[in-house]
Structure formats: structure tokens, C-alpha cells
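A.B. asks: Have a peek at query-v7.txt (compact mmCIF, C-alpha atoms).
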```
# COMPACT_ATOMS: atom_id res chain seq x y z
CA MET A 111 -8.96 27.14 -60.10
CA ASN A 112 -10.70 28.59 -63.16
CA TYR A 113 -7.43 28.35 -65.09
CA LEU A 114 -6.97 24.76 -63.91
CA LEU A 115 -10.52 23.90 -64.94
CA GLU A 116 -9.98 25.32 -68.47
CA LEU A 117 -6.68 23.47 -68.68
CA PHE A 118 -8.37 20.15 -67.88
CA LYS A 119 -11.11 20.86 -70.42
CA THR A 120 -8.51 21.67 -73.11
CA ILE A 121 -6.61 18.46 -72.39
CA LEU A 122 -9.79 16.39 -72.57
CA SER A 123 -10.84 18.18 -75.77
CA ASP A 124 -7.48 17.33 -77.33
CA LEU A 125 -8.20 13.73 -76.39
CA TYR A 126 -11.50 13.97 -78.32
CA VAL A 127 -13.65 13.63 -75.22
CA PRO A 128 -17.17 15.07 -75.77
CA ASP A 129 -17.84 18.43 -74.17
CA LYS A 130 -20.45 17.33 -71.58
CA PRO A 131 -18.49 14.42 -70.07
CA ALA A 132 -15.26 16.44 -70.42
CA SER A 133 -16.77 19.22 -68.32
CA SER A 134 -17.84 16.77 -65.60
CA ILE A 135 -14.46 15.04 -65.59
CA ALA A 136 -12.64 18.38 -65.41
CA ILE A 137 -14.78 19.53 -62.48
CA PHE A 138 -14.18 16.22 -60.69
CA ALA A 139 -10.42 16.51 -61.31
CA CYS A 140 -10.44 20.09 -60.00
CA LEU A 141 -12.27 18.95 -56.89
CA LEU A 142 -9.60 16.32 -56.27
CA VAL A 143 -6.87 18.94 -56.73
CA LEU A 144 -8.74 21.36 -54.45
CA PHE A 145 -9.08 18.85 -51.64
CA LEU A 146 -5.49 17.73 -52.11
CA VAL A 147 -4.24 21.33 -51.91
CA ALA A 148 -6.45 21.94 -48.84
CA TYR A 149 -5.05 18.84 -47.16
CA LEU A 150 -1.46 19.88 -47.97
CA ALA A 151 -2.14 23.37 -46.61
CA HIS A 152 -3.46 21.89 -43.38
CA TRP A 153 -0.48 19.53 -43.12
CA LEU A 154 2.03 22.32 -43.72
CA THR A 155 0.28 24.64 -41.27
CA ARG A 156 0.23 21.98 -38.61
CA ARG A 157 3.82 20.90 -39.21
CA ILE A 158 5.40 24.33 -39.57
CA LEU A 159 3.24 27.03 -37.99
CA VAL A 160 2.09 25.02 -35.01
CA LYS A 161 5.62 23.72 -34.46
CA VAL A 162 6.94 27.28 -34.42
CA VAL A 163 4.24 28.31 -31.95
CA HIS A 164 5.10 25.37 -29.71
CA GLN A 165 8.77 26.30 -29.75
CA LEU A 166 7.99 29.90 -28.85
CA ALA A 167 5.69 28.80 -26.04
CA ALA A 168 8.38 26.51 -24.65
CA LYS A 169 10.72 29.49 -24.28
CA THR A 170 8.27 31.62 -22.28
CA LYS A 171 8.13 31.58 -18.50
CA THR A 172 4.35 31.63 -18.26
CA GLN A 173 2.36 28.41 -17.93
CA TRP A 174 -0.85 29.37 -19.70
CA ASP A 175 0.62 28.85 -23.19
CA ASP A 176 1.83 25.40 -22.12
CA PHE A 177 -1.73 24.46 -21.25
CA LEU A 178 -2.91 25.73 -24.65
CA ILE A 179 -0.42 23.40 -26.29
CA LYS A 180 -1.36 20.49 -24.03
CA ARG A 181 -5.00 20.84 -25.07
CA SER A 182 -4.07 21.14 -28.80
CA VAL A 183 -5.75 24.55 -29.15
CA PHE A 184 -3.40 25.66 -31.95
CA SER A 185 -3.86 22.34 -33.75
CA ALA A 186 -7.57 23.13 -34.03
CA LEU A 187 -6.79 26.49 -35.65
CA ALA A 188 -4.51 24.78 -38.17
CA HIS A 189 -7.65 23.61 -39.99
CA LEU A 190 -8.42 27.22 -40.96
CA SER A 191 -5.91 27.20 -43.81
CA SER A 192 -7.64 24.33 -45.65
CA ALA A 193 -11.09 25.77 -44.88
CA LEU A 194 -10.14 29.18 -46.33
CA ILE A 195 -8.76 27.59 -49.51
CA ILE A 196 -12.03 25.72 -50.11
CA TYR A 197 -14.07 28.81 -49.21
CA TYR A 198 -12.35 31.10 -51.76
CA ALA A 199 -12.38 28.45 -54.51
CA HIS A 200 -15.88 27.02 -54.14
CA ASN A 201 -17.26 29.00 -57.14
CA PHE A 202 -14.65 27.74 -59.61
CA SER A 203 -16.96 25.40 -61.54
CA GLY A 204 -19.76 27.80 -62.40
CA ASN A 205 -22.11 24.95 -61.50
CA GLU A 206 -24.68 26.16 -58.95
CA PHE A 207 -25.20 22.74 -57.38
CA ILE A 208 -21.48 22.12 -56.83
CA SER A 209 -20.92 25.69 -55.61
CA ASN A 210 -23.74 25.40 -53.06
CA LEU A 211 -22.52 21.97 -51.99
CA LEU A 212 -18.96 23.25 -51.45
CA SER A 213 -20.29 26.35 -49.69
CA ASN A 214 -22.35 24.27 -47.27
CA LEU A 215 -19.48 21.86 -46.67
CA VAL A 216 -17.01 24.64 -45.94
CA ASN A 217 -19.49 26.40 -43.66
CA ILE A 218 -19.97 23.17 -41.71
CA TYR A 219 -16.19 22.83 -41.65
CA PHE A 220 -15.85 26.33 -40.18
CA ILE A 221 -18.46 25.51 -37.53
CA GLY A 222 -16.61 22.33 -36.61
CA ILE A 223 -13.30 24.20 -36.39
CA PHE A 224 -14.61 26.95 -34.14
CA SER A 225 -16.58 24.56 -31.91
CA MET A 226 -13.52 22.32 -31.54
CA PHE A 227 -11.41 25.40 -30.79
CA ALA A 228 -13.91 26.62 -28.16
CA VAL A 229 -14.09 23.22 -26.43
CA ARG A 230 -10.31 22.87 -26.28
CA LEU A 231 -9.88 26.47 -25.17
CA ALA A 232 -12.37 25.87 -22.34
CA ASN A 233 -10.36 22.83 -21.21
CA ALA A 234 -7.18 24.89 -21.28
CA ALA A 235 -8.92 27.65 -19.28
CA ASN A 236 -9.86 25.07 -16.63
CA ASP A 237 -6.25 23.84 -16.50
CA ILE A 238 -5.01 27.40 -16.05
CA TYR A 239 -7.60 27.99 -13.32
CA GLN A 240 -6.39 24.88 -11.48
CA THR A 241 -3.05 26.62 -10.90
CA THR A 242 -4.68 29.45 -8.93
CA ALA A 243 -5.37 29.50 -5.20
CA TYR A 244 -9.13 29.74 -5.79
CA ALA A 245 -9.25 26.29 -7.44
CA VAL A 246 -8.66 24.51 -4.12
CA ASN A 247 -12.03 25.55 -2.72
CA ARG A 248 -14.00 26.44 -5.88
CA PRO A 249 -13.67 23.90 -8.71
CA ILE A 250 -15.21 25.07 -12.02
CA LYS A 251 -14.95 21.90 -14.09
CA GLY A 252 -18.73 21.44 -13.98
CA TYR A 253 -19.28 24.95 -15.36
CA ILE A 254 -16.66 24.37 -18.04
CA GLN A 255 -18.42 21.21 -19.15
CA LEU A 256 -21.75 23.05 -19.23
CA LEU A 257 -20.16 25.74 -21.41
CA GLN A 258 -18.80 23.07 -23.73
CA ILE A 259 -22.25 21.52 -24.02
CA LEU A 260 -23.58 24.96 -24.93
CA PHE A 261 -20.92 25.36 -27.63
CA ILE A 262 -21.77 21.96 -29.09
CA CYS A 263 -25.51 22.67 -29.04
CA ILE A 264 -24.98 25.97 -30.87
CA ALA A 265 -22.78 24.20 -33.42
CA VAL A 266 -25.47 21.55 -33.96
CA ILE A 267 -28.11 24.27 -34.49
CA PHE A 268 -25.98 26.00 -37.13
CA PHE A 269 -25.17 22.64 -38.71
CA ILE A 270 -28.86 21.77 -39.07
CA SER A 271 -29.71 25.26 -40.32
CA ILE A 272 -27.14 24.90 -43.11
CA LEU A 273 -28.47 21.50 -44.12
CA ILE A 274 -32.11 22.61 -44.30
CA GLY A 275 -31.34 26.10 -45.58
CA LYS A 276 -33.17 27.90 -42.77
CA SER A 277 -32.12 30.67 -40.39
CA PRO A 278 -30.60 29.50 -37.07
CA MET A 279 -32.94 31.88 -35.24
CA LEU A 280 -35.89 29.94 -36.63
CA LEU A 281 -34.53 26.75 -35.08
CA ILE A 282 -33.80 28.46 -31.77
CA GLY A 283 -37.35 29.79 -31.68
CA GLY A 284 -38.68 26.29 -32.27
CA LEU A 285 -36.79 24.88 -29.29
CA GLY A 286 -39.60 26.01 -27.01
CA ALA A 287 -41.89 23.41 -28.56
CA ILE A 288 -39.56 20.57 -27.56
CA ALA A 289 -38.49 22.03 -24.20
CA ALA A 290 -40.30 19.26 -22.31
CA VAL A 291 -38.46 16.60 -24.31
CA LEU A 292 -35.12 18.33 -23.70
CA LEU A 293 -35.84 18.53 -19.98
CA LEU A 294 -36.55 14.80 -19.95
CA VAL A 295 -33.45 13.92 -21.96
CA PHE A 296 -31.13 16.21 -19.99
CA LYS A 297 -32.77 15.63 -16.60
CA ASP A 298 -29.60 14.24 -14.97
CA THR A 299 -27.47 17.00 -16.48
CA ILE A 300 -29.81 19.72 -15.18
CA LEU A 301 -29.93 18.12 -11.72
CA SER A 302 -26.14 17.81 -11.71
CA LEU A 303 -25.73 21.46 -12.76
CA VAL A 304 -27.87 22.63 -9.84
CA ALA A 305 -26.02 20.25 -7.52
CA SER A 306 -22.63 21.53 -8.72
CA ILE A 307 -23.67 25.10 -7.95
CA GLN A 308 -24.84 24.10 -4.47
CA LEU A 309 -21.69 22.10 -3.73
CA SER A 310 -19.47 24.97 -4.81
CA ALA A 311 -21.47 27.83 -3.30
CA ASN A 312 -21.87 26.11 0.10
CA HIS A 313 -18.27 24.82 0.21
CA MET A 314 -19.58 21.27 0.65
CA LEU A 315 -16.98 19.51 -1.46
CA LYS A 316 -13.73 20.08 -3.29
CA PRO A 317 -10.98 17.90 -4.82
CA GLY A 318 -8.74 16.43 -2.16
CA ASP A 319 -11.49 16.09 0.47
CA TRP A 320 -11.89 12.78 2.26
CA ILE A 321 -15.55 11.74 2.10
CA SER A 322 -17.47 8.61 2.99
CA MET A 323 -20.80 7.68 1.40
CA PRO A 324 -21.76 4.09 2.31
CA SER A 325 -24.83 4.11 0.06
CA HIS A 326 -22.52 4.30 -2.98
CA GLY A 327 -19.60 2.34 -1.52
CA ALA A 328 -17.36 5.43 -1.41
CA ASP A 329 -14.76 6.05 1.29
CA GLY A 330 -11.70 7.93 0.15
CA THR A 331 -10.36 11.06 -1.50
CA VAL A 332 -12.22 13.12 -4.09
CA ILE A 333 -10.03 13.21 -7.21
CA ASP A 334 -12.37 14.79 -9.75
CA ILE A 335 -15.58 16.84 -9.77
CA SER A 336 -17.29 17.14 -13.13
CA LEU A 337 -20.73 18.21 -14.26
CA ASN A 338 -22.31 14.77 -14.00
CA THR A 339 -20.06 12.74 -11.71
CA VAL A 340 -17.73 12.94 -8.73
CA LYS A 341 -14.87 10.43 -8.67
CA VAL A 342 -13.65 9.12 -5.32
CA GLN A 343 -10.47 7.08 -4.96
CA ASN A 344 -11.10 4.65 -2.12
CA TRP A 345 -8.40 3.54 0.28
CA ASP A 346 -8.05 0.25 -1.59
CA LYS A 347 -7.27 2.33 -4.74
CA THR A 348 -10.57 1.50 -6.43
CA ILE A 349 -12.50 4.35 -8.04
CA THR A 350 -16.13 5.02 -7.12
CA THR A 351 -18.18 7.25 -9.42
CA ILE A 352 -21.05 9.11 -7.74
CA PRO A 353 -23.70 11.18 -9.59
CA THR A 354 -23.20 14.82 -8.63
CA TYR A 355 -26.84 15.32 -7.69
CA ALA A 356 -26.65 12.35 -5.29
CA LEU A 357 -24.29 14.35 -3.07
CA VAL A 358 -27.07 16.90 -2.55
CA SER A 359 -30.09 14.59 -2.40
CA GLU A 360 -28.38 12.04 -0.11
CA SER A 361 -26.15 12.35 2.95
CA PHE A 362 -22.38 11.94 2.99
CA SER A 363 -19.62 12.61 5.49
CA ASN A 364 -16.85 15.06 4.67
CA TRP A 365 -13.84 14.60 6.93
CA VAL A 366 -12.26 17.93 6.00
CA GLY A 367 -13.52 19.39 9.30
CA MET A 368 -11.51 16.81 11.19
CA GLU A 369 -8.42 17.54 9.10
CA GLU A 370 -8.73 21.28 9.66
CA SER A 371 -9.38 20.93 13.41
CA GLY A 372 -5.92 19.53 14.11
CA GLY A 373 -7.23 16.40 15.84
CA ARG A 374 -8.75 13.03 15.03
CA ARG A 375 -11.19 11.31 17.34
CA ILE A 376 -10.33 8.16 19.26
CA MET A 377 -13.38 6.47 20.75
CA ARG A 378 -12.66 3.01 22.10
CA SER A 379 -14.10 0.98 24.97
CA VAL A 380 -13.13 -2.14 26.86
CA ASN A 381 -15.75 -4.38 28.51
CA LEU A 382 -14.90 -5.16 32.12
CA ASP A 383 -16.11 -8.15 34.08
CA MET A 384 -18.29 -6.48 36.76
CA ARG A 385 -17.52 -9.31 39.21
CA SER A 386 -13.91 -8.12 39.34
CA VAL A 387 -14.90 -4.65 40.66
CA ARG A 388 -14.24 -4.43 44.42
CA PHE A 389 -13.10 -2.17 47.24
CA CYS A 390 -9.36 -1.72 47.54
CA ASP A 391 -7.67 -3.30 50.53
CA LYS A 392 -4.44 -2.07 52.08
CA ALA A 393 -2.29 -4.45 50.04
CA LEU A 394 -3.73 -3.27 46.75
CA LEU A 395 -3.40 0.40 47.73
CA ASP A 396 0.23 -0.13 48.74
CA LYS A 397 0.86 -1.78 45.39
CA LEU A 398 -0.80 0.99 43.41
CA ARG A 399 1.18 3.73 45.22
CA HIS A 400 4.19 2.62 43.19
CA PHE A 401 2.52 3.96 40.01
CA TYR A 402 3.90 7.46 39.54
CA LEU A 403 0.68 8.46 37.75
CA LEU A 404 -1.32 7.59 40.90
CA LYS A 405 1.01 8.54 43.75
CA ASP A 406 -0.32 12.09 44.29
CA TYR A 407 -3.92 11.14 43.55
CA LEU A 408 -3.97 8.26 46.07
CA ALA A 409 -2.40 10.41 48.78
CA GLU A 410 -4.98 13.18 48.31
CA ARG A 411 -7.85 10.73 48.00
CA GLU A 412 -6.90 8.72 51.11
CA GLU A 413 -6.57 11.92 53.14
CA GLU A 414 -9.99 13.10 51.92
CA ILE A 415 -11.66 9.74 52.71
CA ALA A 416 -10.01 9.51 56.14
CA SER A 417 -11.20 13.01 57.00
CA TYR A 418 -14.75 12.19 55.88
CA ASN A 419 -14.90 8.93 57.84
CA LYS A 420 -13.50 10.63 60.93
CA LYS A 421 -16.30 13.21 60.88
CA LEU A 422 -18.89 10.41 60.82
CA ASN A 423 -17.06 8.39 63.49
CA VAL A 424 -16.70 5.49 61.08
CA GLN A 425 -14.28 2.92 62.40
CA GLU A 426 -11.48 1.72 60.14
CA GLY A 427 -12.52 -1.43 58.35
CA ASP A 428 -16.23 -0.59 58.43
CA VAL A 429 -17.16 -1.34 54.83
CA PHE A 430 -20.86 -0.59 55.31
CA ASN A 431 -20.79 2.98 56.57
CA GLY A 432 -17.45 4.46 55.52
CA ARG A 433 -16.13 5.59 52.18
CA ARG A 434 -13.56 3.46 50.41
CA GLN A 435 -11.84 3.47 47.05
CA THR A 436 -12.61 0.92 44.35
CA ASN A 437 -10.13 -0.63 41.99
CA LEU A 438 -12.28 0.55 39.04
CA GLY A 439 -12.36 4.15 40.26
CA ILE A 440 -8.60 4.19 40.69
CA PHE A 441 -8.08 2.59 37.29
CA ARG A 442 -10.34 5.21 35.67
CA ARG A 443 -8.22 7.97 37.21
CA TYR A 444 -5.06 6.15 36.12
CA LEU A 445 -6.31 6.04 32.54
CA GLU A 446 -7.14 9.76 32.64
CA ASN A 447 -3.64 10.61 33.88
CA TYR A 448 -2.07 8.26 31.36
CA LEU A 449 -3.87 9.95 28.47
CA HIS A 450 -3.23 13.45 29.83
CA GLN A 451 0.51 12.88 29.87
CA HIS A 452 0.54 11.19 26.46
CA PRO A 453 2.38 13.47 23.95
CA LEU A 454 0.15 12.48 21.00
CA ILE A 455 -3.20 13.14 22.71
CA HIS A 456 -4.80 16.56 22.11
CA GLN A 457 -5.40 18.18 25.52
CA ASP A 458 -7.45 21.13 24.21
CA MET A 459 -10.21 19.05 22.63
CA THR A 460 -12.93 16.81 24.08
CA PHE A 461 -11.42 14.50 26.72
CA LEU A 462 -13.54 11.84 28.44
CA VAL A 463 -13.01 8.60 30.34
CA ARG A 464 -16.44 7.27 31.25
CA HIS A 465 -18.64 4.28 31.99
CA LEU A 466 -21.27 3.23 29.48
CA GLN A 467 -24.48 1.38 30.20
CA PRO A 468 -23.72 -2.03 31.76
CA SER A 469 -25.07 -5.02 29.88
CA GLU A 470 -24.83 -8.79 29.76
CA LYS A 471 -21.44 -8.25 28.12
CA GLY A 472 -20.01 -6.42 31.12
CA LEU A 473 -19.32 -2.79 32.00
CA PRO A 474 -17.90 -0.79 29.05
CA LEU A 475 -15.19 1.67 30.05
CA GLU A 476 -14.77 4.17 27.21
CA PHE A 477 -12.07 6.73 26.50
CA TYR A 478 -13.06 9.53 24.14
CA VAL A 479 -10.10 11.70 23.16
CA PHE A 480 -8.48 13.24 20.08
CA SER A 481 -5.18 12.32 18.47
CA LYS A 482 -2.81 15.07 17.33
CA ASP A 483 -1.60 12.90 14.46
CA GLN A 484 -4.24 12.60 11.71
CA GLU A 485 -2.27 10.36 9.35
CA TRP A 486 -4.20 7.12 9.05
CA ALA A 487 -1.38 4.65 9.78
CA LYS A 488 -0.01 6.63 12.75
CA TYR A 489 -3.50 7.25 14.07
CA GLU A 490 -4.32 3.53 14.02
CA ALA A 491 -0.96 2.72 15.63
CA LEU A 492 -1.70 5.18 18.45
CA GLN A 493 -5.10 3.60 19.10
CA ALA A 494 -3.52 0.15 19.15
CA ASP A 495 -0.78 1.25 21.58
CA ILE A 496 -3.32 2.68 24.01
CA MET A 497 -5.50 -0.44 23.88
CA ASP A 498 -2.42 -2.65 24.32
CA HIS A 499 -1.50 -0.73 27.45
CA VAL A 500 -5.04 -0.78 28.85
CA LEU A 501 -5.43 -4.53 28.41
CA ALA A 502 -1.98 -5.26 29.85
CA ILE A 503 -2.33 -3.02 32.93
CA LEU A 504 -5.85 -4.11 33.96
CA PRO A 505 -4.76 -7.19 35.99
CA GLU A 506 -2.56 -4.94 38.15
CA PHE A 507 -5.76 -3.31 39.43
CA GLY A 508 -7.48 -6.62 40.04
CA LEU A 509 -9.79 -6.10 37.06
CA ARG A 510 -10.68 -8.59 34.35
CA VAL A 511 -11.76 -8.10 30.76
CA PHE A 512 -15.09 -9.67 29.88
CA GLN A 513 -15.27 -11.97 26.90
CA ASN A 514 -17.52 -14.85 25.96
CA PRO A 515 -16.12 -18.25 26.95
CA SER A 516 -14.33 -20.26 24.31
CA GLY A 517 -13.54 -23.95 24.03
CA ASN A 518 -10.24 -23.50 25.87
CA ASP A 519 -11.98 -21.74 28.78
CA ILE A 520 -14.38 -24.67 29.20
CA THR A 521 -11.52 -27.17 29.00
CA ASP A 522 -9.51 -25.28 31.64
CA PHE A 523 -12.53 -25.12 33.95
CA LEU A 524 -13.19 -28.84 33.66
CA SER A 525 -9.51 -29.56 34.34
CA GLN A 526 -9.56 -27.39 37.48
CA GLN A 527 -12.63 -29.27 38.72
CA ASN A 528 -10.99 -32.62 37.95
CA ILE A 529 -13.80 -33.53 35.62
CA PRO A 530 -12.57 -35.96 32.95
CA LEU A 531 -13.24 -35.14 29.34
CA LYS A 532 -15.08 -37.72 27.32
CA LYS A 533 -13.51 -38.46 23.98
CA ALA A 534 -15.83 -38.89 21.02
```
Give the structure from this file in C-alpha cells form.

C.D. replies:
Amino acid sequence: MNYLLELFKTILSDLYVPDKPASSIAIFACLLVLFLVAYLAHWLTRRILVKVVHQLAAKTKTQWDDFLIKRSVFSALAHLSSALIIYYAHNFSGNEFISNLLSNLVNIYFIGIFSMFAVRLANAANDIYQTTAYAVNRPIKGYIQLLQILFICIAVIFFISILIGKSPMLLIGGLGAIAAVLLLVFKDTILSLVASIQLSANHMLKPGDWISMPSHGADGTVIDISLNTVKVQNWDKTITTIPTYALVSESFSNWVGMEESGGRRIMRSVNLDMRSVRFCDKALLDKLRHFYLLKDYLAEREEEIASYNKKLNVQEGDVFNGRRQTNLGIFRRYLENYLHQHPLIHQDMTFLVRHLQPSEKGLPLEFYVFSKDQEWAKYEALQADIMDHVLAILPEFGLRVFQNPSGNDITDFLSQQNIPLKKA
């Protein structure tokens, strides 16, 4: 560059340009050449060297170099060629101001290169980690983002120290004076960092889990866990973003326990009209004996009741003193047997068919079982099939479902009573 500077000065001198403006013009021209050469060096490095590295990485069998290319790690290092050219040529002018200016600029350039390289390398490291078995239960994206913030903060400190001409350690020592301000500014980030550690350490959440959090309108699969937010893809394909610290400070349901248990709960009830509950007469019992799910039960039960009534000398047909079966009791046993023989109902998990508290809406008969199939569509289809069967089979037992009367019910009743309807 010194030769080029003298060459420009000679040319300007031959053109009868005065020495002082000639020197300034020559320095300015050299600066243009310097930046042009630096740009060409960067372009050539990126086009040739990086391209060669990409081709070599494509031929390897390992995946980690592919992730380095995906995150443009080598592209960040391509800036070093232009930075080194400026660094070694910054003293060409002999002007202290220009030399210091170029020195500061190139130092800032170096800081930007290395911070950009560190941030991209951290992203590539996270991508590589995602390919391991540990990533399923222990995501580290939040820690990676915290590390990137640290890199950027260090780069900013060095950047400011270069601009003001002070030691970076002096700035770091002065951070204690503004610690309260930093805590206020980065309050959410600090809370999210602590929350990320708790979520990871306690195995509370990981990508792929199905969670529901009504307070934030979230009900779906966790697709991303970062330092500040957790993204949930709801079943309608919308995305809900939840602050990370909210998952620790508030309650949410994680359905991974259900998925790992091998069963999914079915808890449904049907309200029965209590006026339809009655003792079984001989005709109804004879009818119900044709149900293969009840044949053995009815035989054993009738023998047990007959033996009990005989001991008490209860005459047949005595409804006040003897024991008799009810249509509801038989139906409850039928439903138990039906669910026990169902191939998609888990027999080793909680299994209940019970009455709930009667109310003005009838007597709820609830079945509480677990489905073997956890897939949402098949699980809902199984529930529907069971309810279809329950509602269809109830009349065979002389039972009725309770429901509030509708307009058609009132019309049918009036028709049966031969009460004419008045037209408006």
C-alpha cells in the first residue's frame, strides 16, 4: 500500500496538484483500493474456499459438518480474509488519525466476525445435539440462546471499549453499578432461564409432549422450547406461544403420562329416567336370558336369590319381603360384561361401572374405563361406539334415557290425550 500511495502522489504531482490536497486525494484513493481489495478477497474466499469446504462436507458420512454448513458457520469465517487485509495495511498512510480509525474499524470487524461465528456455531451445536437420544428428554435450546446472549453482550462490551478507548475490564467492573437496571430490563429472560432449568431438570416438558393450558388457550403438541417462549401447535393447527416462566408459575396438564401408560381414559355417563327402574318379572327375565353376556350371571343370581328367599320362607311373588332383581342392576352387570369382553378396553387398568348422585336430571350411570388405542380419532370412535350401543340396548331392559322435553314431546303428549292444538 505504501508503494500505491507514492504512485498516486506521483501521478497527482505530474498533474500539478498541490502537495497537501494531493496527499489527501492519494490517501482517499488508497482507501478505496484497500476496501475494494478486501471486498474481492471476501468474495473470492466465500466463492472458492467455502464452496470447496461444502463439497468436502457433502462427501463425508457424518452429519455434524452438514449442520455447520446449514448454519453458515464457514461463511462467517470467510470475512477473516478481508479483515486481515485491512489489519495489515492500516498503517499505510502514516497519518495517525486514519491509522487509528482503520485500527478501530478492523478491531470492531474482528469482534463482529467472531461473535457471528460463535452464535452460528452454537446453533449448529444445538442441531447436532438434536440428533442424539438425550435431546428427546433434555432440550438445550434455552441454554444455547443464553450462551448466544452472553456472546453478544461480550461483543458489545468490547465494541464500546474500542469506541471510548478504555479497557474492557473497566466496563465489566462498572456493570455492578447498573445491575439493578439490567435485572429490570432482563427480568423476563432471567425468569425464563430459571424456568427452563426447572422444566428440564424435573422432566416437566419436552418437544413432542401433548399439553393443555386453558389460561393461555393452548391444547396441542409442544413443537419448540426456547429461552423465552414455548410454542404449542394446537389441534386446529394454530400456534400458541407461552412464556417459559408461565409453565412454572401456572398449572398445565401434560398428557405424556397417559401416552406412556398404554391407555386413555373413557369417562362417560348416561342419565336414566328413575321412573323406568323396576323389579324384573318372569317375562323380562326370560327375555334377558337370551343375551349371551347375561346367561350365566342370571342363572347364578336366580339360584342365589331363590336360596335366600327359601331360608326366610318368602313365598314366590312376595315383593315386600323377598329379594328380586332389578332391570337396572341387570343392565349394570350387562354393561360390565360388555366392556370386559371388548377387545379395545384395557382390562388391567381402572375399570368401573357405577351410579352417580341422582338429581333432577335423572340417575347418571357412568362407565370409567381405559382405551388401549390412544390415537385421538380411534379413541373418539371407540367412545361413540360404546355410547351408541348403550343407548340402543337400554329399551331392551325396560329402561329409558332421561332428557328434557322438547316441542315434539309436548305435541305427541297432547295428541295422545286428544287435546286439539290451537293455531296462532

A.B. asks: Taking only C-alpha atoms into account, which of A:Ser359, A:Thr155, A:Asn381, A:Gln527 comes nearest His465 in chain A?

C.D. replies: A:Asn381

A.B. asks: Between CA of Leu438 in chain A and CA of Lys482 in chain A, what distance in Å does the model show, to one decimal?

C.D. replies: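 That distance, rounded to one decimal, is 27.8 Å.
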
A.B. asks: Record the distance separating CA of His456 in chain A and CA of Lys488 in chain A, expressed in Å with one decimal.

C.D. replies: 14.5 Å

A.B. asks: I'd like the interatomic distance between CA of Met497 in chain A and CA of Asp396 in chain A, to a tenth of an Å.

C.D. replies: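 Value for the CA of Met497 in chain A-CA of Asp396 in chain A distance: 25.5 Å.
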
A.B. asks: Which of these, A:Ile158, A:Ile218, A:Leu404, A:Met226, has the shortest distance to Leu187 in chain A once you count all atoms listed in the file?

C.D. replies: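 Distance minimum relative to Leu187 in chain A lands on A:Met226.
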
A.B. asks: Excluding Leu501 in chain A and residues on its chain fewer than 4 positions from it, collect all residues at most 9 Å away from it, counting only C-alpha atoms, and give them as a VMD selection string.

C.D. replies: chain A and resid 380 496 to 497 505 510 to 511

A.B. asks: Select, from A:Ser310, A:Ser302, A:Gln258, A:Gln457, the residue with the minimum atom-to-atom distance to Ala245 in chain A, counting only C-alpha atoms.

C.D. replies: A:Ser310

A.B. asks: Could you name the residues that touch Glu414 in chain A at 12 Å or less, counting all atoms listed in the file, but leaving out those on the same chain fewer than 6 positions away, as a ChimeraX atom specification?

C.D. replies: /A:407-408,420-421,432-435

A.B. asks: Skipping near chain neighbours, those fewer than 4 positions away, what residues fall within 8 Å of Ala188 in chain A using all atoms listed in the file, listed as a short mmCIF file (atom, residue, chain, number, x, y, z; two decimals) with C-alpha atoms, in the frame of the given file?

C.D. replies:
```cif
data_model
loop_
_atom_site.label_atom_id
_atom_site.label_comp_id
_atom_site.auth_asym_id
_atom_site.auth_seq_id
_atom_site.Cartn_x
_atom_site.Cartn_y
_atom_site.Cartn_z
CA HIS A 152 -3.46 21.89 -43.38
CA THR A 155 0.28 24.64 -41.27
CA ARG A 156 0.23 21.98 -38.61
CA VAL A 160 2.09 25.02 -35.01
CA PHE A 184 -3.40 25.66 -31.95
#
```

A.B. asks: Point out the residue among A:Asp298, A:Glu413, A:Glu360, A:Asp383 with the least atom-to-atom distance to Glu470 in chain A, counting only C-alpha atoms.

C.D. replies: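 Looking only at the distances to Glu470 in chain A, the closest residue turns out to be A:Asp383.
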
A.B. asks: Name the residues within 6 Å of (-14.3, 9.1, -6.6), counting all atoms listed in the file in the file's coordinates, and put them as a compact mmCIF listing (two decimals) with C-alpha atoms, in the frame of the given file.

C.D. replies:
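Okay, this is what ended up in selection_20.txt:
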```txt
# COMPACT_ATOMS: atom_id res chain seq x y z
CA VAL A 332 -12.22 13.12 -4.09
CA ILE A 333 -10.03 13.21 -7.21
CA VAL A 340 -17.73 12.94 -8.73
CA LYS A 341 -14.87 10.43 -8.67
CA VAL A 342 -13.65 9.12 -5.32
CA GLN A 343 -10.47 7.08 -4.96
CA ILE A 349 -12.50 4.35 -8.04
CA THR A 350 -16.13 5.02 -7.12
CA THR A 351 -18.18 7.25 -9.42
```

A.B. asks: Between A:Ala305, A:Leu141, A:Ile529, A:Ile270, which one has atoms that come closest to Ser209 in chain A, using all atoms listed in the file?

C.D. replies: A:Leu141
